[in-house]
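The file run_21.csv comes next; it holds CSV, C-alpha atoms and all ligand atoms.
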```csv
chain,number,residue,atom,x,y,z
A,177,MET,CA,31.7,101.6,53.1
A,178,VAL,CA,30.0,100.4,56.3
A,179,GLY,CA,31.7,99.3,59.4
A,180,GLU,CA,35.3,100.7,58.9
A,181,ILE,CA,36.9,101.6,62.2
A,182,LYS,CA,39.7,104.1,62.6
A,183,VAL,CA,41.6,104.8,65.8
A,184,GLU,CA,43.9,107.8,65.6
A,185,GLY,CA,46.4,108.6,68.4
A,186,VAL,CA,44.2,107.5,71.2
A,187,VAL,CA,45.3,108.0,74.8
A,188,LYS,CA,43.2,107.0,77.7
A,189,ARG,CA,44.0,107.6,81.4
A,190,PHE,CA,42.1,106.6,84.5
A,191,GLN,CA,42.2,108.1,87.9
A,192,GLN,CA,42.4,105.4,90.6
A,193,GLN,CA,40.9,105.6,94.1
A,194,ASN,CA,44.4,106.5,95.5
A,195,ALA,CA,44.4,109.5,93.1
A,196,GLU,CA,47.2,107.8,91.1
A,197,GLU,CA,46.8,108.0,87.3
A,198,VAL,CA,46.8,104.8,85.2
A,199,ILE,CA,47.6,105.2,81.6
A,200,ALA,CA,45.5,102.4,80.0
A,201,LEU,CA,46.2,103.3,76.3
A,202,SER,CA,49.2,105.3,75.3
A,203,GLY,CA,48.8,106.2,71.6
A,204,ILE,CA,46.8,103.7,69.7
A,205,ASP,CA,46.6,103.9,65.9
A,206,LEU,CA,44.5,101.3,64.2
A,207,ARG,CA,42.5,100.8,61.1
A,208,ILE,CA,40.0,97.9,60.7
A,209,GLU,CA,38.5,97.5,57.3
A,210,THR,CA,34.8,96.9,56.7
A,211,GLY,CA,33.9,93.2,57.2
A,212,GLU,CA,37.2,92.2,58.7
A,213,PHE,CA,37.5,89.8,61.6
A,214,VAL,CA,40.1,91.2,64.0
A,215,SER,CA,41.3,89.8,67.3
A,216,LEU,CA,43.0,91.9,70.1
A,217,ILE,CA,45.3,89.9,72.3
A,218,GLY,CA,47.7,91.0,75.1
A,219,PRO,CA,48.5,90.7,78.8
A,220,SER,CA,45.8,91.0,81.4
A,221,GLY,CA,45.1,94.7,82.3
A,222,CYS,CA,46.8,96.1,79.2
A,223,GLY,CA,43.8,98.0,78.0
A,224,LYS,CA,41.9,95.7,75.6
A,225,SER,CA,38.5,96.2,77.1
A,226,THR,CA,39.2,99.9,77.4
A,227,LEU,CA,39.8,100.0,73.7
A,228,LEU,CA,36.6,98.2,73.0
A,229,ARG,CA,34.7,100.5,75.3
A,230,LEU,CA,36.1,103.5,73.4
A,231,ILE,CA,35.1,102.0,70.1
A,232,ALA,CA,31.6,101.3,71.6
A,233,GLY,CA,31.4,105.0,72.7
A,234,LEU,CA,30.9,104.1,76.3
A,235,ASN,CA,34.0,106.1,77.3
A,236,GLY,CA,35.7,109.0,75.6
A,237,ALA,CA,39.4,109.2,74.8
A,238,ASP,CA,41.7,111.8,76.6
A,239,GLU,CA,43.6,112.3,73.4
A,240,GLY,CA,43.0,111.3,69.8
A,241,LYS,CA,39.9,110.3,67.9
A,242,LEU,CA,37.9,107.3,66.9
A,243,TYR,CA,35.8,107.0,63.7
A,244,ILE,CA,33.3,104.7,62.2
A,245,ASP,CA,33.0,105.2,58.5
A,246,ASP,CA,34.7,108.6,58.8
A,247,GLU,CA,32.2,109.7,61.4
A,248,GLU,CA,33.6,110.5,64.8
A,249,ILE,CA,32.5,108.1,67.6
A,250,LYS,CA,31.0,110.2,70.4
A,251,LYS,CA,28.4,108.1,72.1
A,252,PRO,CA,27.1,104.5,72.1
A,253,SER,CA,25.0,103.4,69.2
A,254,TYR,CA,23.2,100.2,68.1
A,255,GLU,CA,25.4,100.2,65.0
A,256,ARG,CA,28.2,99.0,67.4
A,257,GLY,CA,26.9,95.9,69.2
A,258,LEU,CA,28.7,94.7,72.3
A,259,VAL,CA,28.9,91.1,73.7
A,260,PHE,CA,30.7,90.4,76.9
A,261,GLN,CA,32.1,87.3,78.6
A,262,ASP,CA,29.0,87.2,80.8
A,263,PRO,CA,25.9,87.0,78.5
A,264,MET,CA,24.1,89.5,80.8
A,265,LEU,CA,20.6,88.4,79.8
A,266,PHE,CA,17.6,89.7,81.7
A,267,PRO,CA,16.7,86.6,83.9
A,268,TRP,CA,13.0,87.5,84.0
A,269,LEU,CA,12.6,87.6,80.2
A,270,SER,CA,12.5,84.7,77.8
A,271,VAL,CA,15.1,84.3,75.1
A,272,TYR,CA,12.7,85.8,72.6
A,273,ASP,CA,12.0,88.9,74.8
A,274,ASN,CA,15.7,89.3,75.6
A,275,VAL,CA,16.4,89.4,71.9
A,276,ALA,CA,13.4,91.7,71.2
A,277,PHE,CA,14.3,94.1,74.1
A,278,GLY,CA,16.5,96.5,72.1
A,279,LEU,CA,13.9,96.8,69.3
A,280,LYS,CA,11.2,97.5,71.8
A,281,ALA,CA,13.3,100.1,73.6
A,282,ARG,CA,13.8,101.8,70.3
A,283,ASN,CA,10.1,101.6,69.4
A,284,ILE,CA,10.9,99.7,66.2
A,285,TYR,CA,9.7,96.3,67.3
A,286,LYS,CA,6.4,96.3,65.4
A,287,ALA,CA,8.1,96.9,62.1
A,288,ASN,CA,10.8,94.3,62.8
A,289,HIS,CA,9.3,91.6,64.9
A,290,ALA,CA,10.0,88.9,62.3
A,291,GLU,CA,13.7,89.7,62.7
A,292,VAL,CA,13.6,88.4,66.3
A,293,GLN,CA,12.9,84.8,65.4
A,294,LYS,CA,15.2,85.0,62.4
A,295,PHE,CA,18.2,85.8,64.6
A,296,ILE,CA,17.2,83.3,67.2
A,297,ASP,CA,17.2,80.7,64.4
A,298,LEU,CA,20.5,82.1,63.1
A,299,VAL,CA,22.2,81.3,66.4
A,300,GLY,CA,20.7,77.9,66.6
A,301,LEU,CA,18.2,78.5,69.4
A,302,SER,CA,14.9,77.9,67.4
A,303,ASP,CA,13.6,75.5,70.0
A,304,PHE,CA,14.4,77.6,73.0
A,305,SER,CA,12.9,81.0,72.2
A,306,ARG,CA,10.3,80.6,75.0
A,307,SER,CA,13.0,79.4,77.5
A,308,TYR,CA,14.3,81.6,80.3
A,309,PRO,CA,18.1,82.2,80.8
A,310,HIS,CA,18.3,79.8,83.8
A,311,GLN,CA,17.1,77.0,81.5
A,312,LEU,CA,20.0,77.5,79.1
A,313,SER,CA,23.6,76.2,79.1
A,314,GLY,CA,26.5,78.7,79.1
A,315,GLY,CA,26.9,78.3,75.3
A,316,MET,CA,23.2,78.7,74.7
A,317,ALA,CA,23.1,81.9,76.8
A,318,GLN,CA,26.0,83.3,74.9
A,319,ARG,CA,24.2,82.5,71.6
A,320,ALA,CA,21.2,84.4,72.9
A,321,SER,CA,23.4,87.3,73.8
A,322,LEU,CA,24.8,87.3,70.2
A,323,ALA,CA,21.3,87.2,68.8
A,324,ARG,CA,20.4,90.2,71.0
A,325,ALA,CA,23.3,92.2,69.5
A,326,LEU,CA,22.8,91.0,65.9
A,327,VAL,CA,19.1,91.9,65.8
A,328,ASN,CA,20.1,95.5,65.7
A,329,HIS,CA,22.0,94.9,62.4
A,330,PRO,CA,25.2,96.3,63.9
A,331,LYS,CA,27.9,97.4,61.4
A,332,VAL,CA,30.5,96.4,64.0
A,333,LEU,CA,30.3,93.7,66.6
A,334,LEU,CA,32.6,94.2,69.6
A,335,LEU,CA,33.2,90.9,71.4
A,336,ASP,CA,35.0,91.1,74.8
A,337,GLU,CA,36.1,87.5,75.6
A,338,PRO,CA,32.7,86.2,74.5
A,339,LEU,CA,33.7,82.6,74.7
A,340,GLY,CA,36.0,82.9,77.8
A,341,ALA,CA,33.6,81.1,80.2
A,342,LEU,CA,32.8,78.1,77.9
A,343,ASP,CA,34.3,74.6,78.1
A,344,ALA,CA,36.8,73.8,75.3
A,345,PHE,CA,34.4,71.8,73.2
A,346,THR,CA,31.5,74.3,73.3
A,347,ARG,CA,34.0,77.0,72.7
A,348,MET,CA,35.2,75.4,69.4
A,349,ASN,CA,31.6,74.9,68.3
A,350,MET,CA,30.9,78.6,69.0
A,351,GLN,CA,34.0,79.7,67.1
A,352,ASP,CA,32.5,77.9,64.0
A,353,GLU,CA,29.1,79.6,64.7
A,354,LEU,CA,30.8,83.0,64.9
A,355,ILE,CA,32.5,82.4,61.5
A,356,ARG,CA,29.2,81.2,60.0
A,357,ILE,CA,27.4,84.3,61.3
A,358,TRP,CA,30.2,86.6,60.2
A,359,LYS,CA,30.2,85.2,56.7
A,360,GLU,CA,26.4,85.5,56.5
A,361,ARG,CA,26.1,89.0,57.9
A,362,GLY,CA,29.4,90.6,56.7
A,363,THR,CA,29.6,92.4,60.0
A,364,THR,CA,33.0,93.8,61.1
A,365,MET,CA,34.1,91.8,64.1
A,366,ILE,CA,36.5,93.0,66.8
A,367,MET,CA,37.1,90.4,69.4
A,368,VAL,CA,39.2,90.4,72.6
A,369,THR,CA,40.6,87.0,73.5
A,370,HIS,CA,43.3,85.4,75.7
A,371,ASP,CA,43.5,82.4,73.5
A,372,VAL,CA,46.1,82.5,70.8
A,373,ASP,CA,44.6,79.5,68.9
A,374,GLU,CA,41.2,81.2,68.9
A,375,ALA,CA,42.6,84.4,67.6
A,376,ILE,CA,44.4,82.6,64.7
A,377,TYR,CA,41.4,80.3,64.0
A,378,LEU,CA,39.0,83.2,63.6
A,379,SER,CA,40.8,86.3,62.5
A,380,ASP,CA,42.0,88.1,59.4
A,381,HIS,CA,44.4,90.1,61.6
A,382,VAL,CA,45.6,89.4,65.1
A,383,ILE,CA,46.6,92.6,66.9
A,384,VAL,CA,49.1,92.0,69.7
A,385,MET,CA,49.1,94.7,72.4
A,386,THR,CA,52.0,95.5,74.8
A,387,PRO,CA,51.7,95.5,78.6
A,388,ARG,CA,50.1,98.6,80.0
A,389,PRO,CA,50.4,101.5,79.0
A,390,ALA,CA,49.2,99.7,75.9
A,391,LYS,CA,50.4,100.3,72.5
A,392,ILE,CA,50.0,98.1,69.5
A,393,GLU,CA,53.0,95.7,69.4
A,394,ARG,CA,52.3,94.0,66.1
A,395,CYS,CA,49.5,93.4,63.7
A,396,ILE,CA,49.7,89.9,62.2
A,397,GLU,CA,47.9,88.9,59.1
A,398,VAL,CA,46.4,85.4,59.0
A,399,GLN,CA,46.1,84.3,55.3
A,400,LEU,CA,45.0,80.7,55.9
A,401,ALA,CA,42.0,79.7,54.0
A,402,ARG,CA,38.8,78.9,56.0
A,403,PRO,CA,37.7,76.5,57.4
A,404,ARG,CA,41.1,76.4,59.2
A,405,ALA,CA,42.9,73.4,60.5
A,406,ARG,CA,44.4,73.9,63.9
A,407,ASN,CA,47.2,71.4,63.2
A,408,ASN,CA,48.2,73.0,59.9
A,409,PRO,CA,52.0,73.7,60.0
A,410,GLU,CA,51.4,77.4,59.0
A,411,PHE,CA,48.8,77.7,61.9
A,412,LEU,CA,51.4,76.2,64.3
A,413,SER,CA,54.1,78.6,63.1
A,414,LEU,CA,51.8,81.6,63.5
A,415,ARG,CA,51.1,80.4,67.0
A,416,SER,CA,54.8,80.2,67.9
A,417,LYS,CA,55.3,83.6,66.4
A,418,ILE,CA,52.5,85.2,68.4
A,419,LEU,CA,53.6,83.5,71.6
A,420,GLU,CA,57.1,84.7,71.0
A,421,ILE,CA,55.9,88.3,70.6
A,422,LEU,CA,54.0,87.9,73.9
A,423,HIS,CA,57.3,86.7,75.4
A,424,PHE,CA,56.2,83.1,75.9
A,425,THR,CA,59.3,81.5,74.5
A,426,GLY,CA,60.2,77.8,74.7
A,427,THR,CA,59.0,74.7,72.9
A,428,VAL,CA,55.3,74.9,72.0
A,429,THR,CA,53.7,71.5,71.9
A,430,GLU,CA,50.3,71.8,73.5
A,431,PRO,CA,47.3,73.4,71.9
A,432,ASN,CA,45.4,76.2,73.5
A,433,TYR,CA,47.6,78.6,75.4
A,434,TYR,CA,45.6,80.9,77.7
A,435,LEU,CA,47.3,84.0,78.9
B,1,LIG,N1,36.8,102.6,85.0
B,1,LIG,C1,38.1,102.5,85.4
B,1,LIG,N2,38.6,103.2,86.4
B,1,LIG,C2,39.8,103.1,86.7
B,1,LIG,N3,40.7,102.4,86.1
B,1,LIG,C3,40.3,101.6,85.1
B,1,LIG,C4,38.9,101.6,84.7
B,1,LIG,N4,38.8,100.8,83.6
B,1,LIG,C5,40.0,100.2,83.4
B,1,LIG,N5,40.9,100.7,84.3
B,1,LIG,C6,42.4,100.4,84.3
B,1,LIG,O1,42.9,100.4,83.0
B,1,LIG,C7,43.8,99.3,82.8
B,1,LIG,C8,43.3,98.5,81.6
B,1,LIG,O2,42.1,97.8,81.9
B,1,LIG,P1,41.3,96.9,80.9
B,1,LIG,O3,40.1,96.4,81.6
B,1,LIG,O4,41.1,97.7,79.6
B,1,LIG,O5,42.4,95.7,80.6
B,1,LIG,P2,42.2,94.4,79.8
B,1,LIG,O6,43.3,94.4,78.8
B,1,LIG,O7,40.8,94.3,79.3
B,1,LIG,O8,42.4,93.3,80.9
B,1,LIG,P3,41.9,91.8,81.0
B,1,LIG,O9,42.6,91.0,80.0
B,1,LIG,O10,42.2,91.4,82.4
B,1,LIG,O11,40.4,91.8,80.8
B,1,LIG,C9,43.8,98.6,84.1
B,1,LIG,O12,45.0,99.0,84.8
B,1,LIG,C10,42.6,99.0,84.8
B,1,LIG,O13,42.8,99.0,86.2
B,2,MG,MG,39.2,93.0,79.6
```

Represent the supplied structure as structure tokens.
Amino acid sequence: MVGEIKVEGVVKRFQQQNAEEVIALSGIDLRIETGEFVSLIGPSGCGKSTLLRLIAGLNGADEGKLYIDDEEIKKPSYERGLVFQDPMLFPWLSVYDNVAFGLKARNIYKANHAEVQKFIDLVGLSDFSRSYPHQLSGGMAQRASLARALVNHPKVLLLDEPLGALDAFTRMNMQDELIRIWKERGTTMIMVTHDVDEAIYLSDHVIVMTPRPAKIERCIEVQLARPRARNNPEFLSLRSKILEILHFTGTVTEPNYYL
């Protein structure tokens, strides 16, 4: 059992500048199985990033507990990799050195240096390992950021709108890349997205959150075989169902609904 996440009765409050309290999460219970691909979807400001940060161990819960493989999450760890919308590469380091950075920081680079090129190859950047971030396209930078997280062999990869800044075409290619990497590595994937199609295309379960204070509104299983066709009738009916839960009612004719 590696990479199972449990969230039990988690409440998270924030104190705002005006001393008002914001309840970001109001009682979240969730279990994500090892090797699952799960998407979190919900209105802006509902607490999705907050939940990812708690799973990452960057923030603590006010109430409730979070576990990875039955061990309580109390601080950040390389076993839980994070990828954000902004690739956040170090501009003064090459792709290779960006990916190697974590291994060097942990003093395990010498024993693992072969891994660096392996993961650069895995994300399709073999010819760019000596390039600098400003020489990369948005999609390539995001691939480098994925390699930087994967080189640590995380049990769980936490993805906070990782494809949000990409054009539609690059985004669809990256979705296929993510599935390929996920199948090859078997890493548990937890991804925040605002794109209903993306959530259905990628996930085993789509978790729909309510407006703040966030609770889990519904967990929808996607049983479609992969690779998935976006125009499959079952795909379309799942899309309508999720949009309805999110209170986007009406006739759905266009692909790609961004919240
Ligand atoms: N560090 C913080 N200090 C104070 N309030 C915060 C902090 N982080 C988040 N919040 C508040 O918690 C709520 C949830 O924020 P969060 O970033 O988790 O939302 P989100 O669902 O990721 O939104 P989006 O879809 O826009 O990224 C918001 O009301 C936000 O103002
Ligand atoms: Mg967010």

_Protein and nucleic acid residues within 10 Å of ligand LIG 1 (chain B) (all atoms listed in the file) as a PyMOL selection string_ = chain A and resi 188-193+196-201+216-230+235+261+336-337+368-370+385-390+435

Write out as a CSV table (one decimal) with C-alpha atoms, keeping the file's coordinate frame which residues come within 12 Å of A:Pro403 when counting all atoms listed in the file, dropping same-chain ones fewer than 4 positions away.
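Final output, saved to around.csv:
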```
chain,number,residue,atom,x,y,z
A,351,GLN,CA,34.0,79.7,67.1
A,352,ASP,CA,32.5,77.9,64.0
A,353,GLU,CA,29.1,79.6,64.7
A,355,ILE,CA,32.5,82.4,61.5
A,356,ARG,CA,29.2,81.2,60.0
A,359,LYS,CA,30.2,85.2,56.7
A,376,ILE,CA,44.4,82.6,64.7
A,377,TYR,CA,41.4,80.3,64.0
A,378,LEU,CA,39.0,83.2,63.6
A,379,SER,CA,40.8,86.3,62.5
A,399,GLN,CA,46.1,84.3,55.3
A,408,ASN,CA,48.2,73.0,59.9
```

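Restricting the calculation to all atoms listed in the file, the smallest distance between A:Lys280 and any of A:Ala375, A:Gly315, A:Gly240, A:Val292 is found for A:Val292.
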
*Compile the contact shell of A:Leu326 as a VMD selection string: residues with an atom at most 12 Å away, counting all atoms listed in the file, same-chain residues fewer than 2 positions apart removed.*
chain A and resid 254 to 259 275 to 276 278 to 279 291 to 299 319 to 324 328 to 335 354 357 to 358 360 to 365

_What's the separation between atom CA of A:Leu412 and atom CA of A:Leu206, in Å to one decimal place?_
26.0 Å

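Counting all atoms listed in the file and comparing A:Ile421, A:Met367, A:Ile181, A:Met264, the residue that lies closest to ligand MG 2 (chain B) is A:Met367.
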
_List as a PyMOL selection string the protein and nucleic acid residues near A:Arg415, meaning an atom at most 8 Å away when only C-alpha atoms are counted, but skip any in the same chain fewer than 3 places from it._
chain A and resi 372-373+376+411-412+418-419

*Rank nothing, just name the residue among A:Asp273, A:Asp380, A:Glu397, A:Asp262 nearest to ligand MG 2 (chain B), using only C-alpha atoms and all ligand atoms.*
A:Asp262

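Of the residues listed (A:Leu422, A:Pro338, A:Glu212, A:Glu247), A:Pro338 shows the shortest atom-to-atom separation from ligand MG 2 (chain B); distances use only C-alpha atoms and all ligand atoms.
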
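Closest approach to A:Ala341 among A:Pro263, A:Asn288, A:Pro309, A:Asn407 is made by A:Pro263 (distances from only C-alpha atoms).
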
*Pick from A:Glu209, A:Asn283, A:Gly340, A:Gly236 nearest to ligand MG 2 (chain B), counting only C-alpha atoms and all ligand atoms*: A:Gly340

_What does the structure give for the distance between atom CA of A:Ile383 and atom CA of A:Val187, in Å to one decimal?_
17.4 Å

Could I get stretch 274-302 of chain A rebuilt with N, CA and C atoms, written as a PDB file, in the coordinates of the input?
```pdb
ATOM      1  N   ASN A 274      14.339  88.735  75.484  1.00  0.00           N
ATOM      2  CA  ASN A 274      15.700  89.300  75.600  1.00  0.00           C
ATOM      3  C   ASN A 274      16.170  89.837  74.272  1.00  0.00           C
ATOM      4  N   VAL A 275      15.950  89.047  73.224  1.00  0.00           N
ATOM      5  CA  VAL A 275      16.400  89.400  71.900  1.00  0.00           C
ATOM      6  C   VAL A 275      15.607  90.641  71.382  1.00  0.00           C
ATOM      7  N   ALA A 276      14.301  90.637  71.720  1.00  0.00           N
ATOM      8  CA  ALA A 276      13.400  91.700  71.200  1.00  0.00           C
ATOM      9  C   ALA A 276      13.609  93.023  72.013  1.00  0.00           C
ATOM     10  N   PHE A 277      14.283  92.936  73.167  1.00  0.00           N
ATOM     11  CA  PHE A 277      14.300  94.100  74.100  1.00  0.00           C
ATOM     12  C   PHE A 277      14.803  95.378  73.447  1.00  0.00           C
ATOM     13  N   GLY A 278      15.910  95.290  72.708  1.00  0.00           N
ATOM     14  CA  GLY A 278      16.500  96.500  72.100  1.00  0.00           C
ATOM     15  C   GLY A 278      15.520  97.121  71.084  1.00  0.00           C
ATOM     16  N   LEU A 279      14.854  96.267  70.299  1.00  0.00           N
ATOM     17  CA  LEU A 279      13.900  96.800  69.300  1.00  0.00           C
ATOM     18  C   LEU A 279      12.748  97.479  69.975  1.00  0.00           C
ATOM     19  N   LYS A 280      12.278  96.882  71.097  1.00  0.00           N
ATOM     20  CA  LYS A 280      11.200  97.500  71.800  1.00  0.00           C
ATOM     21  C   LYS A 280      11.606  98.830  72.440  1.00  0.00           C
ATOM     22  N   ALA A 281      12.818  98.844  72.988  1.00  0.00           N
ATOM     23  CA  ALA A 281      13.300 100.100  73.600  1.00  0.00           C
ATOM     24  C   ALA A 281      13.438 101.199  72.577  1.00  0.00           C
ATOM     25  N   ARG A 282      13.684 100.816  71.336  1.00  0.00           N
ATOM     26  CA  ARG A 282      13.800 101.800  70.300  1.00  0.00           C
ATOM     27  C   ARG A 282      12.517 102.076  69.542  1.00  0.00           C
ATOM     28  N   ASN A 283      11.440 101.434  70.024  1.00  0.00           N
ATOM     29  CA  ASN A 283      10.100 101.600  69.400  1.00  0.00           C
ATOM     30  C   ASN A 283      10.105 101.167  67.928  1.00  0.00           C
ATOM     31  N   ILE A 284      10.896 100.143  67.594  1.00  0.00           N
ATOM     32  CA  ILE A 284      10.900  99.700  66.200  1.00  0.00           C
ATOM     33  C   ILE A 284      10.524  98.194  66.161  1.00  0.00           C
ATOM     34  N   TYR A 285       9.986  97.696  67.281  1.00  0.00           N
ATOM     35  CA  TYR A 285       9.700  96.300  67.300  1.00  0.00           C
ATOM     36  C   TYR A 285       8.606  95.875  66.334  1.00  0.00           C
ATOM     37  N   LYS A 286       7.529  96.685  66.265  1.00  0.00           N
ATOM     38  CA  LYS A 286       6.400  96.300  65.400  1.00  0.00           C
ATOM     39  C   LYS A 286       6.833  96.078  63.972  1.00  0.00           C
ATOM     40  N   ALA A 287       7.676  96.968  63.492  1.00  0.00           N
ATOM     41  CA  ALA A 287       8.100  96.900  62.100  1.00  0.00           C
ATOM     42  C   ALA A 287       9.131  95.757  61.890  1.00  0.00           C
ATOM     43  N   ASN A 288       9.720  95.278  62.982  1.00  0.00           N
ATOM     44  CA  ASN A 288      10.800  94.300  62.800  1.00  0.00           C
ATOM     45  C   ASN A 288      10.661  93.028  63.584  1.00  0.00           C
ATOM     46  N   HIS A 289       9.437  92.740  64.053  1.00  0.00           N
ATOM     47  CA  HIS A 289       9.300  91.600  64.900  1.00  0.00           C
ATOM     48  C   HIS A 289       9.718  90.263  64.275  1.00  0.00           C
ATOM     49  N   ALA A 290       9.592  90.181  62.936  1.00  0.00           N
ATOM     50  CA  ALA A 290      10.000  88.900  62.300  1.00  0.00           C
ATOM     51  C   ALA A 290      11.475  88.683  62.393  1.00  0.00           C
ATOM     52  N   GLU A 291      12.224  89.774  62.582  1.00  0.00           N
ATOM     53  CA  GLU A 291      13.700  89.700  62.700  1.00  0.00           C
ATOM     54  C   GLU A 291      14.080  88.887  63.954  1.00  0.00           C
ATOM     55  N   VAL A 292      13.263  89.016  65.014  1.00  0.00           N
ATOM     56  CA  VAL A 292      13.600  88.400  66.300  1.00  0.00           C
ATOM     57  C   VAL A 292      13.809  86.919  66.135  1.00  0.00           C
ATOM     58  N   GLN A 293      12.782  86.272  65.584  1.00  0.00           N
ATOM     59  CA  GLN A 293      12.900  84.800  65.400  1.00  0.00           C
ATOM     60  C   GLN A 293      13.969  84.464  64.410  1.00  0.00           C
ATOM     61  N   LYS A 294      14.146  85.312  63.406  1.00  0.00           N
ATOM     62  CA  LYS A 294      15.200  85.000  62.400  1.00  0.00           C
ATOM     63  C   LYS A 294      16.575  84.937  63.050  1.00  0.00           C
ATOM     64  N   PHE A 295      16.853  85.867  63.971  1.00  0.00           N
ATOM     65  CA  PHE A 295      18.200  85.800  64.600  1.00  0.00           C
ATOM     66  C   PHE A 295      18.289  84.748  65.655  1.00  0.00           C
ATOM     67  N   ILE A 296      17.166  84.415  66.288  1.00  0.00           N
ATOM     68  CA  ILE A 296      17.200  83.300  67.200  1.00  0.00           C
ATOM     69  C   ILE A 296      17.478  82.005  66.438  1.00  0.00           C
ATOM     70  N   ASP A 297      16.886  81.888  65.244  1.00  0.00           N
ATOM     71  CA  ASP A 297      17.200  80.700  64.400  1.00  0.00           C
ATOM     72  C   ASP A 297      18.634  80.743  63.944  1.00  0.00           C
ATOM     73  N   LEU A 298      19.115  81.928  63.587  1.00  0.00           N
ATOM     74  CA  LEU A 298      20.500  82.100  63.100  1.00  0.00           C
ATOM     75  C   LEU A 298      21.516  81.547  64.094  1.00  0.00           C
ATOM     76  N   VAL A 299      21.274  81.795  65.389  1.00  0.00           N
ATOM     77  CA  VAL A 299      22.200  81.300  66.400  1.00  0.00           C
ATOM     78  C   VAL A 299      21.910  79.935  66.902  1.00  0.00           C
ATOM     79  N   GLY A 300      20.942  79.294  66.255  1.00  0.00           N
ATOM     80  CA  GLY A 300      20.700  77.900  66.600  1.00  0.00           C
ATOM     81  C   GLY A 300      19.829  77.691  67.831  1.00  0.00           C
ATOM     82  N   LEU A 301      18.969  78.651  68.178  1.00  0.00           N
ATOM     83  CA  LEU A 301      18.200  78.500  69.400  1.00  0.00           C
ATOM     84  C   LEU A 301      16.659  78.402  69.077  1.00  0.00           C
ATOM     85  N   SER A 302      16.338  77.951  67.859  1.00  0.00           N
ATOM     86  CA  SER A 302      14.900  77.900  67.400  1.00  0.00           C
ATOM     87  C   SER A 302      14.007  77.268  68.441  1.00  0.00           C
TER      88      SER A 302
END
```
